[in-house]
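Participant: Contents of query-v4.cif (mmCIF, C-alpha atoms):
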data_data
loop_
_atom_site.label_atom_id
_atom_site.label_comp_id
_atom_site.auth_asym_id
_atom_site.auth_seq_id
_atom_site.Cartn_x
_atom_site.Cartn_y
_atom_site.Cartn_z
CA MET A 174 -7.67 22.85 45.91
CA PHE A 175 -5.37 24.56 48.43
CA PHE A 176 -1.65 24.74 47.73
CA ILE A 177 0.18 25.34 50.96
CA VAL A 178 3.23 27.55 50.57
CA ILE A 179 5.90 28.38 53.11
CA THR A 180 5.99 32.02 52.14
CA ASN A 181 9.67 32.50 53.00
CA PHE A 182 10.75 29.10 51.61
CA ASP A 183 13.64 30.32 49.44
CA ALA A 184 14.98 32.66 52.09
CA LEU A 185 14.97 29.86 54.66
CA TRP A 186 16.92 27.24 52.74
CA LYS A 187 19.45 29.76 51.48
CA ASN A 188 19.97 31.31 54.92
CA THR A 189 22.91 29.09 55.85
CA GLY A 190 26.25 27.82 54.58
CA THR A 191 26.44 25.56 51.54
CA ARG A 192 26.97 22.53 53.77
CA TYR A 193 23.38 22.71 55.07
CA GLN A 194 21.46 24.21 52.15
CA LYS A 195 20.33 21.00 50.44
CA ALA A 196 19.26 19.43 53.75
CA ARG A 197 17.29 22.56 54.64
CA LYS A 198 15.60 22.60 51.27
CA ASP A 199 14.69 18.91 51.46
CA ALA A 200 13.25 19.26 54.97
CA LEU A 201 11.24 22.34 54.02
CA GLU A 202 9.89 20.64 50.88
CA ILE A 203 8.77 17.67 52.97
CA LEU A 204 7.09 19.98 55.47
CA GLU A 205 5.30 21.86 52.69
CA ARG A 206 4.01 18.66 51.06
CA VAL A 207 2.83 17.32 54.42
CA LEU A 208 0.84 20.50 55.08
CA GLU A 209 -0.70 20.20 51.62
CA LYS A 210 -1.61 16.55 52.19
CA MET A 211 -3.19 17.27 55.58
CA ASN A 212 -5.26 20.25 54.42
CA GLY A 213 -8.88 19.75 55.49
CA TYR A 214 -10.14 19.94 51.91
CA ARG A 215 -7.83 17.16 50.73
CA VAL A 216 -8.48 15.00 53.79
CA VAL A 217 -12.25 15.17 53.33
CA LYS A 218 -11.99 14.53 49.59
CA SER A 219 -9.94 11.40 50.22
CA SER A 220 -12.19 10.14 53.05
CA VAL A 221 -15.77 10.93 51.99
CA SER A 222 -17.84 10.03 48.92
CA VAL A 223 -21.44 9.45 47.85
CA LYS A 224 -22.26 6.35 45.83
CA GLY A 225 -25.89 5.78 44.98
CA ASP A 226 -27.97 6.23 48.12
CA TYR A 227 -25.03 5.94 50.49
CA LEU A 228 -22.63 8.36 52.11
CA ASN A 229 -19.29 6.59 52.54
CA ILE A 230 -16.77 7.77 55.13
CA ASN A 231 -13.76 5.47 55.12
CA ASN A 232 -15.32 2.21 56.34
CA HIS A 233 -18.67 3.73 57.43
CA ARG A 234 -21.83 3.78 55.27
CA VAL A 235 -24.92 5.90 55.86
CA ASN A 236 -28.17 5.48 53.93
CA LEU A 237 -29.33 8.91 52.78
CA VAL A 238 -32.73 7.89 51.41
CA SER A 239 -34.58 8.07 54.72
CA ARG A 240 -33.15 11.48 55.65
CA ARG A 241 -35.54 14.42 55.47
CA ASN A 242 -32.91 17.18 55.73
CA ILE A 243 -29.12 17.12 55.72
CA PHE A 244 -27.38 19.87 57.68
CA LEU A 245 -23.72 20.78 58.03
CA LEU A 246 -22.10 22.17 61.16
CA GLY A 247 -18.40 22.76 61.62
CA ILE A 248 -16.02 24.14 64.22
CA GLY A 249 -12.28 24.64 64.29
CA LYS A 250 -9.37 26.04 62.33
CA ALA A 251 -9.86 23.53 59.50
CA ALA A 252 -13.68 23.82 59.36
CA GLY A 253 -13.67 26.10 56.31
CA SER A 254 -11.47 23.88 54.17
CA MET A 255 -13.37 20.77 55.28
CA ALA A 256 -16.72 22.37 54.50
CA LYS A 257 -15.49 23.43 51.05
CA ALA A 258 -14.91 19.78 50.21
CA MET A 259 -18.19 18.60 51.75
CA GLU A 260 -20.17 21.04 49.60
CA GLU A 261 -18.65 19.41 46.51
CA ILE A 262 -19.69 15.95 47.74
CA ILE A 263 -23.23 16.43 49.02
CA GLU A 264 -26.00 19.03 48.83
CA PHE A 265 -26.94 20.48 52.22
CA ASP A 266 -30.24 22.02 53.20
CA ASP A 267 -28.47 24.47 55.49
CA GLY A 268 -25.22 24.79 57.35
CA ILE A 269 -22.95 26.88 59.57
CA VAL A 270 -19.23 26.66 60.25
CA ILE A 271 -17.40 28.60 62.95
CA THR A 272 -13.75 29.11 62.10
CA THR A 273 -10.89 31.59 62.35
CA GLU A 274 -10.59 32.56 58.67
CA GLU A 275 -13.02 33.91 56.08
CA VAL A 276 -13.85 31.19 53.53
CA THR A 277 -16.26 31.48 50.60
CA LEU A 278 -18.83 28.66 50.58
CA ASN A 279 -22.05 28.16 48.64
CA ARG A 280 -24.95 27.16 50.90
CA VAL A 281 -23.09 26.96 54.18
CA ARG A 282 -22.69 30.15 56.22
CA VAL A 283 -19.25 31.02 57.57
CA LEU A 284 -19.01 32.68 60.98
CA THR A 285 -15.61 33.73 62.28
CA GLY A 286 -14.43 33.75 65.87
CA THR A 287 -11.32 34.18 67.98
CA HIS A 288 -8.70 31.69 69.10
CA PRO A 289 -7.12 30.67 71.48
CA LEU A 290 -9.31 32.77 73.77
CA PRO A 291 -13.07 33.05 73.20
CA SER A 292 -14.96 36.30 72.66
CA GLU A 293 -18.50 37.63 72.29
CA GLU A 294 -18.11 36.90 68.59
CA ASN A 295 -17.72 33.20 69.41
CA VAL A 296 -20.74 33.21 71.71
CA ARG A 297 -22.94 34.82 69.04
CA ALA A 298 -21.74 32.34 66.42
CA THR A 299 -22.42 29.44 68.77
CA ASP A 300 -25.96 30.67 69.38
CA GLU A 301 -26.57 30.73 65.63
CA ALA A 302 -25.21 27.21 65.25
CA LEU A 303 -27.42 25.99 68.10
CA GLY A 304 -30.42 27.55 66.39
CA LEU A 305 -29.75 25.42 63.33
CA LEU A 306 -29.05 22.31 65.41
CA GLU A 307 -32.29 22.63 67.34
CA ARG A 308 -34.29 22.83 64.07
CA ALA A 309 -33.13 19.32 63.19
CA GLY A 310 -35.50 16.46 63.91
CA LYS A 311 -35.24 12.71 64.31
CA LYS A 312 -35.31 12.03 60.54
CA ASP A 313 -32.58 14.57 59.79
CA LEU A 314 -28.84 14.05 59.42
CA ILE A 315 -26.17 16.43 60.71
CA ILE A 316 -22.63 16.22 59.38
CA PHE A 317 -20.44 17.81 62.03
CA LEU A 318 -16.89 18.83 61.09
CA ILE A 319 -14.53 19.04 64.07
CA SER A 320 -10.95 20.25 64.16
CA GLY A 321 -8.52 21.85 66.58
CA GLY A 322 -9.49 25.26 67.84
CA GLY A 323 -13.09 24.17 68.26
CA SER A 324 -12.92 24.45 72.04
CA SER A 325 -12.51 28.22 71.80
CA LEU A 326 -14.72 28.78 68.78
CA LEU A 327 -17.74 26.84 70.11
CA CYS A 328 -18.45 28.85 73.24
CA LYS A 329 -21.51 28.93 75.48
CA PRO A 330 -20.17 29.17 79.02
CA ARG A 331 -22.02 28.62 82.30
CA ILE A 332 -20.03 31.50 83.77
CA PRO A 333 -19.50 35.10 82.57
CA LEU A 334 -17.40 35.19 79.41
CA GLN A 335 -14.66 37.27 81.05
CA SER A 336 -14.27 34.65 83.78
CA MET A 337 -14.07 31.94 81.10
CA ILE A 338 -11.33 33.88 79.34
CA GLU A 339 -9.38 34.38 82.58
CA VAL A 340 -9.56 30.70 83.57
CA THR A 341 -8.53 29.55 80.08
CA GLU A 342 -5.62 31.98 79.85
CA GLU A 343 -4.33 31.22 83.33
CA LEU A 344 -4.36 27.48 82.76
CA MET A 345 -2.54 27.84 79.45
CA LEU A 346 0.11 30.13 80.90
CA LYS A 347 0.74 27.68 83.74
CA GLY A 348 1.49 24.89 81.24
CA CYS A 349 -1.47 22.59 81.82
CA THR A 350 -2.05 19.78 79.32
CA ILE A 351 -4.76 20.05 76.67
CA GLU A 352 -6.61 17.19 78.38
CA GLU A 353 -6.64 19.11 81.66
CA LEU A 354 -7.68 22.36 80.00
CA ASN A 355 -10.53 20.71 78.11
CA THR A 356 -11.78 18.88 81.22
CA VAL A 357 -12.27 22.26 82.86
CA ARG A 358 -13.75 23.78 79.72
CA LYS A 359 -16.32 20.97 79.42
CA HIS A 360 -17.61 21.50 82.93
CA LEU A 361 -17.88 25.26 82.56
CA SER A 362 -19.83 24.90 79.29
CA LEU A 363 -23.35 24.23 78.10
CA VAL A 364 -22.25 22.64 74.80
CA LYS A 365 -18.95 20.81 75.32
CA GLY A 366 -18.48 17.27 76.58
CA GLY A 367 -21.38 15.79 74.58
CA GLN A 368 -23.87 18.42 75.66
CA LEU A 369 -24.29 19.76 72.13
CA ALA A 370 -25.37 16.33 70.86
CA GLN A 371 -27.92 16.12 73.68
CA ARG A 372 -29.76 19.10 72.19
CA THR A 373 -31.04 17.19 69.14
CA GLU A 374 -32.64 13.88 68.19
CA ALA A 375 -31.06 14.03 64.73
CA HIS A 376 -28.38 11.53 63.79
CA ILE A 377 -24.94 13.22 63.96
CA ILE A 378 -21.89 12.03 62.07
CA SER A 379 -18.78 13.85 63.27
CA LEU A 380 -15.75 13.92 60.98
CA ILE A 381 -12.78 14.71 63.18
CA MET A 382 -9.29 15.98 62.44
CA SER A 383 -7.42 15.13 65.62
CA ASP A 384 -5.11 17.64 67.26
CA ILE A 385 -4.58 15.63 70.46
CA ILE A 386 -2.21 12.74 71.15
CA GLY A 387 -4.00 9.39 71.06
CA ASN A 388 -7.10 10.78 69.27
CA PRO A 389 -9.41 10.96 72.32
CA VAL A 390 -12.70 12.03 70.67
CA ASP A 391 -14.06 13.22 74.03
CA CYS A 392 -11.23 15.75 74.24
CA ILE A 393 -10.75 17.00 70.65
CA ALA A 394 -12.46 20.42 70.53
CA SER A 395 -13.72 19.47 74.02
CA GLY A 396 -15.87 16.68 72.56
CA PRO A 397 -19.16 18.41 71.71
CA THR A 398 -20.57 15.20 70.18
CA SER A 399 -18.80 12.66 72.35
CA PRO A 400 -19.75 10.96 75.61
CA ASP A 401 -17.59 12.29 78.40
CA SER A 402 -15.72 10.27 81.00
CA THR A 403 -14.53 13.27 83.05
CA THR A 404 -16.41 14.77 85.99
CA PHE A 405 -16.86 17.97 87.95
CA ALA A 406 -14.57 16.44 90.57
CA ASP A 407 -11.84 16.07 87.93
CA ALA A 408 -12.29 19.71 86.97
CA LEU A 409 -12.00 20.85 90.61
CA ARG A 410 -8.82 18.82 91.09
CA ILE A 411 -7.26 20.55 88.05
CA LEU A 412 -8.27 24.02 89.25
CA LYS A 413 -6.70 23.29 92.64
CA GLN A 414 -3.55 21.80 91.08
CA TYR A 415 -2.91 24.99 89.10
CA ARG A 416 -4.15 27.27 91.89
CA ILE A 417 -6.97 28.81 89.88
CA GLN A 418 -9.01 31.00 92.23
CA ASN A 419 -11.72 32.29 89.87
CA ARG A 420 -14.87 32.55 92.00
CA ASP A 421 -17.36 32.00 89.17
CA ALA A 422 -15.61 28.85 87.98
CA LEU A 423 -15.26 27.36 91.44
CA GLN A 424 -18.91 28.08 92.23
CA VAL A 425 -20.17 26.22 89.13
CA ILE A 426 -17.82 23.28 89.65
CA LYS A 427 -18.89 22.89 93.27
CA LYS A 428 -22.57 23.00 92.25
CA GLY A 429 -21.83 20.15 89.83
CA ILE A 430 -20.12 18.12 92.54
CA ASN A 431 -23.14 18.68 94.81
CA GLY A 432 -25.51 17.44 92.10
CA GLU A 433 -27.12 20.82 91.42
CA ILE A 434 -25.87 20.69 87.80
CA ALA A 435 -26.02 17.48 85.75
CA GLU A 436 -22.79 15.78 84.77
CA THR A 437 -21.80 15.74 81.12
CA PRO A 438 -23.38 12.70 79.35
CA SER A 439 -21.57 9.39 79.63
CA HIS A 440 -23.59 7.82 76.79
CA LEU A 441 -25.03 9.10 73.49
CA ASP A 442 -27.13 7.05 71.04
CA ASN A 443 -27.39 9.50 68.15
CA VAL A 444 -23.73 10.05 67.23
CA ASP A 445 -20.99 8.40 65.16
CA ASN A 446 -17.55 9.98 65.71
CA ILE A 447 -15.00 9.23 62.97
CA ILE A 448 -11.33 10.27 62.96
CA ILE A 449 -10.30 11.19 59.41
CA ALA A 450 -6.87 12.74 60.05
CA ASP A 451 -4.20 12.78 62.73
CA ILE A 452 -0.50 13.35 63.31
CA GLY A 453 0.29 9.72 62.51
CA MET A 454 -0.89 10.26 58.94
CA ALA A 455 1.24 13.40 58.68
CA CYS A 456 4.38 11.66 59.96
CA SER A 457 3.85 8.63 57.71
CA HIS A 458 3.58 10.89 54.69
CA ALA A 459 6.74 12.73 55.75
CA GLN A 460 8.55 9.40 55.98
CA HIS A 461 7.37 8.41 52.51
CA LEU A 462 8.53 11.73 51.06
CA ALA A 463 11.94 11.43 52.76
CA GLU A 464 12.43 7.92 51.35
CA MET A 465 11.48 9.19 47.88
CA LYS A 466 14.33 11.69 48.22
CA GLY A 467 16.76 8.86 48.97
CA TYR A 468 17.08 9.25 52.75
CA HIS A 469 16.85 6.54 55.34
CA ALA A 470 13.74 7.72 57.22
CA ARG A 471 12.29 6.83 60.59
CA VAL A 472 9.27 8.02 62.56
CA ILE A 473 10.37 7.87 66.19
CA GLY A 474 7.08 8.86 67.79
CA THR A 475 3.71 10.51 67.21
CA GLY A 476 3.00 11.20 70.88
CA ILE A 477 5.79 13.64 71.70
CA GLN A 478 4.80 15.68 74.76
CA GLY A 479 6.36 17.47 77.70
CA GLU A 480 8.12 20.80 78.25
CA ALA A 481 9.16 22.12 74.83
CA ARG A 482 12.70 23.08 75.84
CA GLU A 483 13.39 19.63 77.30
CA ILE A 484 12.00 17.87 74.24
CA GLY A 485 14.13 20.05 71.96
CA LYS A 486 17.31 19.02 73.73
CA ALA A 487 16.32 15.34 73.77
CA LEU A 488 15.45 15.24 70.07
CA ALA A 489 18.68 17.00 69.10
CA GLU A 490 20.73 14.52 71.11
CA TYR A 491 18.80 11.60 69.60
CA ALA A 492 19.55 12.89 66.09
CA MET A 493 23.23 13.45 66.92
CA PHE A 494 23.69 9.80 67.83
CA PHE A 495 21.42 8.33 65.18
CA PRO A 496 23.55 5.61 63.57
CA ARG A 497 22.73 6.14 59.89
CA SER A 498 23.22 8.99 57.45
CA PRO A 499 21.94 10.58 55.38
CA SER A 500 18.78 10.16 57.42
CA ILE A 501 15.59 12.01 58.18
CA ILE A 502 14.11 11.53 61.64
CA ILE A 503 10.45 12.47 62.10
CA ALA A 504 8.39 13.02 65.23
CA GLY A 505 5.02 14.51 66.05
CA GLY A 506 2.90 15.52 69.01
CA GLU A 507 2.35 18.60 71.11
CA THR A 508 4.63 19.99 73.77
CA THR A 509 3.86 22.67 76.35
CA VAL A 510 5.58 25.85 77.47
CA THR A 511 5.52 27.09 81.04
CA VAL A 512 5.53 30.82 80.40
CA LYS A 513 7.69 32.85 82.78
CA GLY A 514 8.88 35.66 80.50
CA GLU A 515 7.05 38.23 78.41
CA GLY A 516 8.54 37.45 75.01
CA ARG A 517 6.94 36.30 71.78
CA GLY A 518 7.01 32.76 70.50
CA GLY A 519 5.44 29.35 70.84
CA ARG A 520 6.18 25.75 71.64
CA ASN A 521 7.72 24.93 68.24
CA GLN A 522 10.13 27.84 68.20
CA GLU A 523 11.02 27.27 71.85
CA LEU A 524 11.69 23.60 71.10
CA VAL A 525 14.11 24.48 68.28
CA LEU A 526 15.71 27.26 70.33
CA ALA A 527 16.50 24.78 73.09
CA ALA A 528 18.19 22.56 70.49
CA VAL A 529 20.41 25.27 68.99
CA THR A 530 23.37 24.85 71.35
CA HIS A 531 23.31 21.05 70.83
CA LEU A 532 23.34 21.44 67.05
CA SER A 533 26.49 23.58 66.98
CA HIS A 534 28.89 22.29 64.28
CA GLU A 535 26.87 19.06 64.02
CA PRO A 536 25.73 17.74 60.59
CA LEU A 537 22.09 18.36 61.50
CA VAL A 538 19.11 20.42 60.35
CA PHE A 539 16.18 20.71 62.77
CA ILE A 540 12.62 21.89 62.04
CA SER A 541 9.61 22.07 64.32
CA CYS A 542 6.34 23.45 62.97
CA GLY A 543 2.71 23.73 63.97
CA THR A 544 0.55 22.24 61.23
CA ASP A 545 -2.06 24.97 61.78
CA GLY A 546 0.47 27.64 60.80
CA ILE A 547 0.30 29.29 64.22
CA ASP A 548 2.89 29.03 66.97
CA GLY A 549 1.94 30.69 70.24
CA ASN A 550 1.60 34.47 70.21
CA SER A 551 3.82 34.93 67.15
CA PRO A 552 3.15 35.23 63.41
CA ALA A 553 5.39 32.23 62.73
CA ALA A 554 4.45 28.54 62.42
CA GLY A 555 7.80 27.27 63.69
CA ALA A 556 11.53 27.53 63.10
CA VAL A 557 14.54 25.91 61.45
CA ALA A 558 18.07 25.63 62.80
CA ASP A 559 21.28 23.82 61.89
CA GLY A 560 24.92 23.45 62.89
CA GLU A 561 25.67 27.08 62.02
CA SER A 562 22.77 28.67 63.92
CA LEU A 563 24.59 29.14 67.23
CA GLU A 564 27.56 30.84 65.60
CA LYS A 565 25.21 33.13 63.62
CA ALA A 566 23.44 34.06 66.83
CA TYR A 567 26.68 34.89 68.63
CA ARG A 568 27.77 37.08 65.72
CA ALA A 569 24.47 38.95 66.05
CA GLY A 570 25.06 39.42 69.78
CA MET A 571 22.35 36.93 70.82
CA LYS A 572 22.59 34.18 73.44
CA PRO A 573 19.97 31.41 73.08
CA GLU A 574 19.71 30.86 76.83
CA GLU A 575 18.70 34.49 77.41
CA TYR A 576 15.90 34.24 74.84
CA LEU A 577 14.75 30.96 76.39
CA GLU A 578 14.61 32.60 79.79
CA ARG A 579 12.31 35.32 78.39
CA ASN A 580 10.21 32.86 76.33
CA ASP A 581 11.22 35.02 73.38
CA SER A 582 11.94 32.39 70.73
CA TYR A 583 10.23 34.30 67.92
CA SER A 584 12.47 37.34 68.38
CA PHE A 585 15.52 35.06 68.22
CA PHE A 586 14.57 33.25 65.03
CA HIS A 587 13.09 36.29 63.34
CA ALA A 588 16.39 38.13 63.88
CA LEU A 589 18.23 35.17 62.32
CA GLY A 590 15.74 34.94 59.45
CA ASP A 591 14.86 31.36 60.43
CA ASP A 592 11.22 31.71 61.47
CA ILE A 593 8.89 29.62 59.28
CA ILE A 594 5.92 31.58 57.90
CA THR A 595 2.98 29.75 56.32
CA GLY A 596 -0.16 31.74 57.06
CA TYR A 597 -3.47 29.85 57.14
CA THR A 598 -2.94 26.13 56.38
CA GLY A 599 -6.49 24.76 56.59
CA THR A 600 -5.39 21.96 58.89
CA ASN A 601 -4.52 21.24 62.52
CA VAL A 602 -3.01 17.88 63.47
CA MET A 603 -0.60 19.15 66.14
CA ASP A 604 3.13 19.70 65.50
CA ILE A 605 5.73 17.93 63.41
CA GLN A 606 9.50 17.76 63.85
CA ILE A 607 11.78 16.95 60.91
CA MET A 608 15.48 16.38 61.58
CA VAL A 609 18.00 15.79 58.80
CA LYS A 610 21.30 14.09 59.55
CA LEU A 611 23.74 14.78 56.73
#
As a first step, turn the structure in this file into structure tokens.
Facilitator:
Amino acid sequence: MFFIVITNFDALWKNTGTRYQKARKDALEILERVLEKMNGYRVVKSSVSVKGDYLNINNHRVNLVSRRNIFLLGIGKAAGSMAKAMEEIIEFDDGIVITTEEVTLNRVRVLTGTHPLPSEENVRATDEALGLLERAGKKDLIIFLISGGGSSLLCKPRIPLQSMIEVTEELMLKGCTIEELNTVRKHLSLVKGGQLAQRTEAHIISLIMSDIIGNPVDCIASGPTSPDSTTFADALRILKQYRIQNRDALQVIKKGINGEIAETPSHLDNVDNIIIADIGMACSHAQHLAEMKGYHARVIGTGIQGEAREIGKALAEYAMFFPRSPSIIIAGGETTVTVKGEGRGGRNQELVLAAVTHLSHEPLVFISCGTDGIDGNSPAAGAVADGESLEKAYRAGMKPEEYLERNDSYSFFHALGDDIITGYTGTNVMDIQIMVKL
């Protein structure tokens, strides 16, 4: 259905000396095939089918005979591609997806919104989705498609939207974890943390593409259909830890602690949450592809987290001392960036930038890429570097440490011609690192 293309593929693998060209090309081909495999359309097609009266989702079976209406709801960056596949599998009575890209569907309506910060557009789209949800009765079935980006796109805050934007942006800039951010989001929302599922008696089956380490369904897209184990007290602790002083947010959180606002639900009877894709699947496929190319391949972790620049250095050093060659070393997860400068970039480009000095003259190629095709506030998805990158930078009058200091990784790699451009990928299962040892 979708064929994912790294739009500057040829320029990237050729943009180095002959020593590194084949390794670059192999790594980029693996990345491209992984993005294709993890596209929401392909994931749904491989996970969901209808046989007779039953809807089959991996090992789950749902009898469709007793269902009066079947509705589709979807949120997240991959919602459009997922919904495209679902429409080919089952006929829906109505449906709405809220996503970041225009997608042409048949019966299901597509509403677009903003990410990573919410907007009035998101609030209006959420209200429309809730209107459909609240039409559903006890004998109806709702298929709910959830992917990364859903926390921003599904937006009905308890506080003024501008305050919600300010709290979200400040937490992200201060380098909080996604679990911390979504704990706060859930307790400032009327739909997150299982509260959406509370609004209907219909049976909900959520098909989830995980963009969080460990696949915590209560945290992915802030868990709109999942019971929630976090509390208002947890949210207050996080606001204090990061010194968030927003008056509206603090007022709501304190009302929750005082029992004036109900906690998010700790139990839901009408929902089945099913993970259908995650970073582990992406890394396993990358390993398979590397072995097919004749490399010794190893996945060293699918829970990589921490400050991007520190992880970049650590991964480069690990690859340098890896005992076998030719080898491809694969990792996945999601790092964070504590933003202090005013440059352009994202966690993947910053991770590779931090590795550049360690790669100098080494027989290594290093890629880090966001599977959603978006890295921070830049148009790139990630970056590639190798043993010649530092020398190229010096010849261009650039010092990696200065760009790191400004959080300006995109400017660095764009100037070198080593920024990876994919555009919309139709997936989001965090980030993947691919390191080739020649």
Participant: Residues picked by the PyMOL selection byres ((chain A and resi 240) around 12) here, as a short mmCIF file (atom, residue, chain, number, x, y, z; two decimals) with C-alpha atoms, in the frame of the given file?
Facilitator:
data_model
loop_
_atom_site.label_atom_id
_atom_site.label_comp_id
_atom_site.auth_asym_id
_atom_site.auth_seq_id
_atom_site.Cartn_x
_atom_site.Cartn_y
_atom_site.Cartn_z
CA ASP A 226 -27.97 6.23 48.12
CA TYR A 227 -25.03 5.94 50.49
CA LEU A 228 -22.63 8.36 52.11
CA VAL A 235 -24.92 5.90 55.86
CA ASN A 236 -28.17 5.48 53.93
CA LEU A 237 -29.33 8.91 52.78
CA VAL A 238 -32.73 7.89 51.41
CA SER A 239 -34.58 8.07 54.72
CA ARG A 241 -35.54 14.42 55.47
CA ASN A 242 -32.91 17.18 55.73
CA ILE A 243 -29.12 17.12 55.72
CA PHE A 244 -27.38 19.87 57.68
CA PHE A 265 -26.94 20.48 52.22
CA ASP A 266 -30.24 22.02 53.20
CA ALA A 309 -33.13 19.32 63.19
CA GLY A 310 -35.50 16.46 63.91
CA LYS A 311 -35.24 12.71 64.31
CA LYS A 312 -35.31 12.03 60.54
CA ASP A 313 -32.58 14.57 59.79
CA LEU A 314 -28.84 14.05 59.42
CA ILE A 315 -26.17 16.43 60.71
CA ALA A 375 -31.06 14.03 64.73
CA HIS A 376 -28.38 11.53 63.79
CA ILE A 377 -24.94 13.22 63.96
#
Participant: Enumerate, as a list in words, the residues matched when the PyMOL selection byres ((chain A and resi 607) around 6) is run on the file above.
Facilitator: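 Those residues are Ile502, Ile503, Ile540, Gln606 and Met608 of chain A.
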Participant: Would you compute the distance between CA of Thr509 (chain A) and CA of Thr299 (chain A)? Give it in Å to one decimal.
Facilitator: 28.2 Å
Participant: Assuming the chain letters and numbering stay as they are in my file, what does the PyMOL selection byres ((chain A and resi 187-197) around 12) actually select? List them as a ChimeraX atom specification.
Facilitator: /A:181-186,198-204,463,466-468,498-501,534-540,556-565,586-593,607-611
Participant: Find, counting only C-alpha atoms, the residue in A:Val296, A:Leu290, A:Ala406, A:Met255 that gets nearest to Val276 (chain A).
Facilitator: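 That would be A:Met255, the residue with the smallest distance to Val276 (chain A).
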Participant: When you count only C-alpha atoms, which of these residues is closest to Met454 (chain A): A:Val223, A:Leu208, A:Ala370, A:Leu303?
Facilitator: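 Closest to Met454 (chain A) of all the choices is A:Leu208.
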Participant: Excluding Leu577 (chain A) and any residue of its chain fewer than 4 positions from it, enumerate the residues within 9 Å of it, using all atoms listed in the file, and give them as a list of chain:residue names.
Facilitator: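 Neighbouring residues, sequence-local ones excluded: A:Arg482, A:Gly514, A:Glu523, A:Leu526, A:Ala527, A:Lys572, A:Pro573, A:Asp581, A:Ser582.
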Participant: Go ahead and find all residues with at least one atom no further than 10 Å from (-23.9, 25.9, 49.1) in the file's coordinates, using only C-alpha atoms; report them as a list of chain:residue names.
Facilitator: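 Result, sorted by chain then residue number: A:Ala256, A:Lys257, A:Met259, A:Glu260, A:Glu261, A:Ile263, A:Glu264, A:Phe265, A:Asp266, A:Asp267, A:Gly268, A:Thr277, A:Leu278, A:Asn279, A:Arg280, A:Val281, A:Arg282.
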Participant: Residues as selected, C-alpha atoms, written as a PDB file, in the frame of the given file, can you do that?
Facilitator:
ATOM      1  CA  ALA A 256     -16.720  22.370  54.500  1.00  0.00           C
ATOM      2  CA  LYS A 257     -15.490  23.430  51.050  1.00  0.00           C
ATOM      3  CA  MET A 259     -18.190  18.600  51.750  1.00  0.00           C
ATOM      4  CA  GLU A 260     -20.170  21.040  49.600  1.00  0.00           C
ATOM      5  CA  GLU A 261     -18.650  19.410  46.510  1.00  0.00           C
ATOM      6  CA  ILE A 263     -23.230  16.430  49.020  1.00  0.00           C
ATOM      7  CA  GLU A 264     -26.000  19.030  48.830  1.00  0.00           C
ATOM      8  CA  PHE A 265     -26.940  20.480  52.220  1.00  0.00           C
ATOM      9  CA  ASP A 266     -30.240  22.020  53.200  1.00  0.00           C
ATOM     10  CA  ASP A 267     -28.470  24.470  55.490  1.00  0.00           C
ATOM     11  CA  GLY A 268     -25.220  24.790  57.350  1.00  0.00           C
ATOM     12  CA  THR A 277     -16.260  31.480  50.600  1.00  0.00           C
ATOM     13  CA  LEU A 278     -18.830  28.660  50.580  1.00  0.00           C
ATOM     14  CA  ASN A 279     -22.050  28.160  48.640  1.00  0.00           C
ATOM     15  CA  ARG A 280     -24.950  27.160  50.900  1.00  0.00           C
ATOM     16  CA  VAL A 281     -23.090  26.960  54.180  1.00  0.00           C
ATOM     17  CA  ARG A 282     -22.690  30.150  56.220  1.00  0.00           C
TER      18      ARG A 282
END
Participant: Mind pulling up the distance from CA of Leu361 (chain A) to CA of Arg410 (chain A)?
Facilitator: 14.0 Å
Participant: Please, what distance in Å, to one decimal, runs between CA of Val283 (chain A) and CA of Gly253 (chain A)?
Facilitator: 7.5 Å
Participant: At a cut-off of 8 Å, using all atoms listed in the file, what residues contact Val602 (chain A)? Leave out same-chain residues fewer than 3 positions from it and give the result as a VMD selection string.
Facilitator: chain A and resid 211 321 382 to 385 450 to 452 455 544 to 545
Participant: Compare A:Thr341, A:Ser551, A:Asn232, A:Asn521 by their minimum atom-to-atom distance to Gly485 (chain A), counting only C-alpha atoms, and give me the closest one.
Facilitator: A:Asn521
Participant: For Arg372 (chain A), list every protein, DNA or RNA residue within 9 Å, evaluated using only C-alpha atoms, and leave out those in the same chain fewer than 6 positions away; present the list as a list in words.
Facilitator: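 Counting only C-alpha atoms, the residues come to Leu303, Leu306, Glu307 and Val364 of chain A.
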Participant: Pull C-alpha atoms from the residues just selected and write them as a PDB file, in the coordinates of the input.
Facilitator:
ATOM      1  CA  LEU A 303     -27.420  25.990  68.100  1.00  0.00           C
ATOM      2  CA  LEU A 306     -29.050  22.310  65.410  1.00  0.00           C
ATOM      3  CA  GLU A 307     -32.290  22.630  67.340  1.00  0.00           C
ATOM      4  CA  VAL A 364     -22.250  22.640  74.800  1.00  0.00           C
TER       5      VAL A 364
END
Participant: Find the spatial neighbours of Asp445 (chain A), counting all atoms listed in the file, within a cut-off of 12 Å - ignore same-chain residues fewer than 4 positions away - and output them as a list of chain:residue names.
Facilitator: A:Ile230, A:His233, A:Arg234, A:Val235, A:Leu314, A:Ile315, A:Ile316, A:Phe317, A:Leu318, A:Gly367, A:Ala370, A:Ala375, A:His376, A:Ile377, A:Ile378, A:Ser379, A:Leu380, A:Ile381, A:Val390, A:Thr398, A:Ser399, A:Pro400, A:His440, A:Leu441
Participant: Given the choices A:Leu488, A:Ser395, A:Thr530, A:Met603, which gets closest to Gly476 (chain A) if the distance is worked out from all atoms listed in the file?
Facilitator: A:Met603
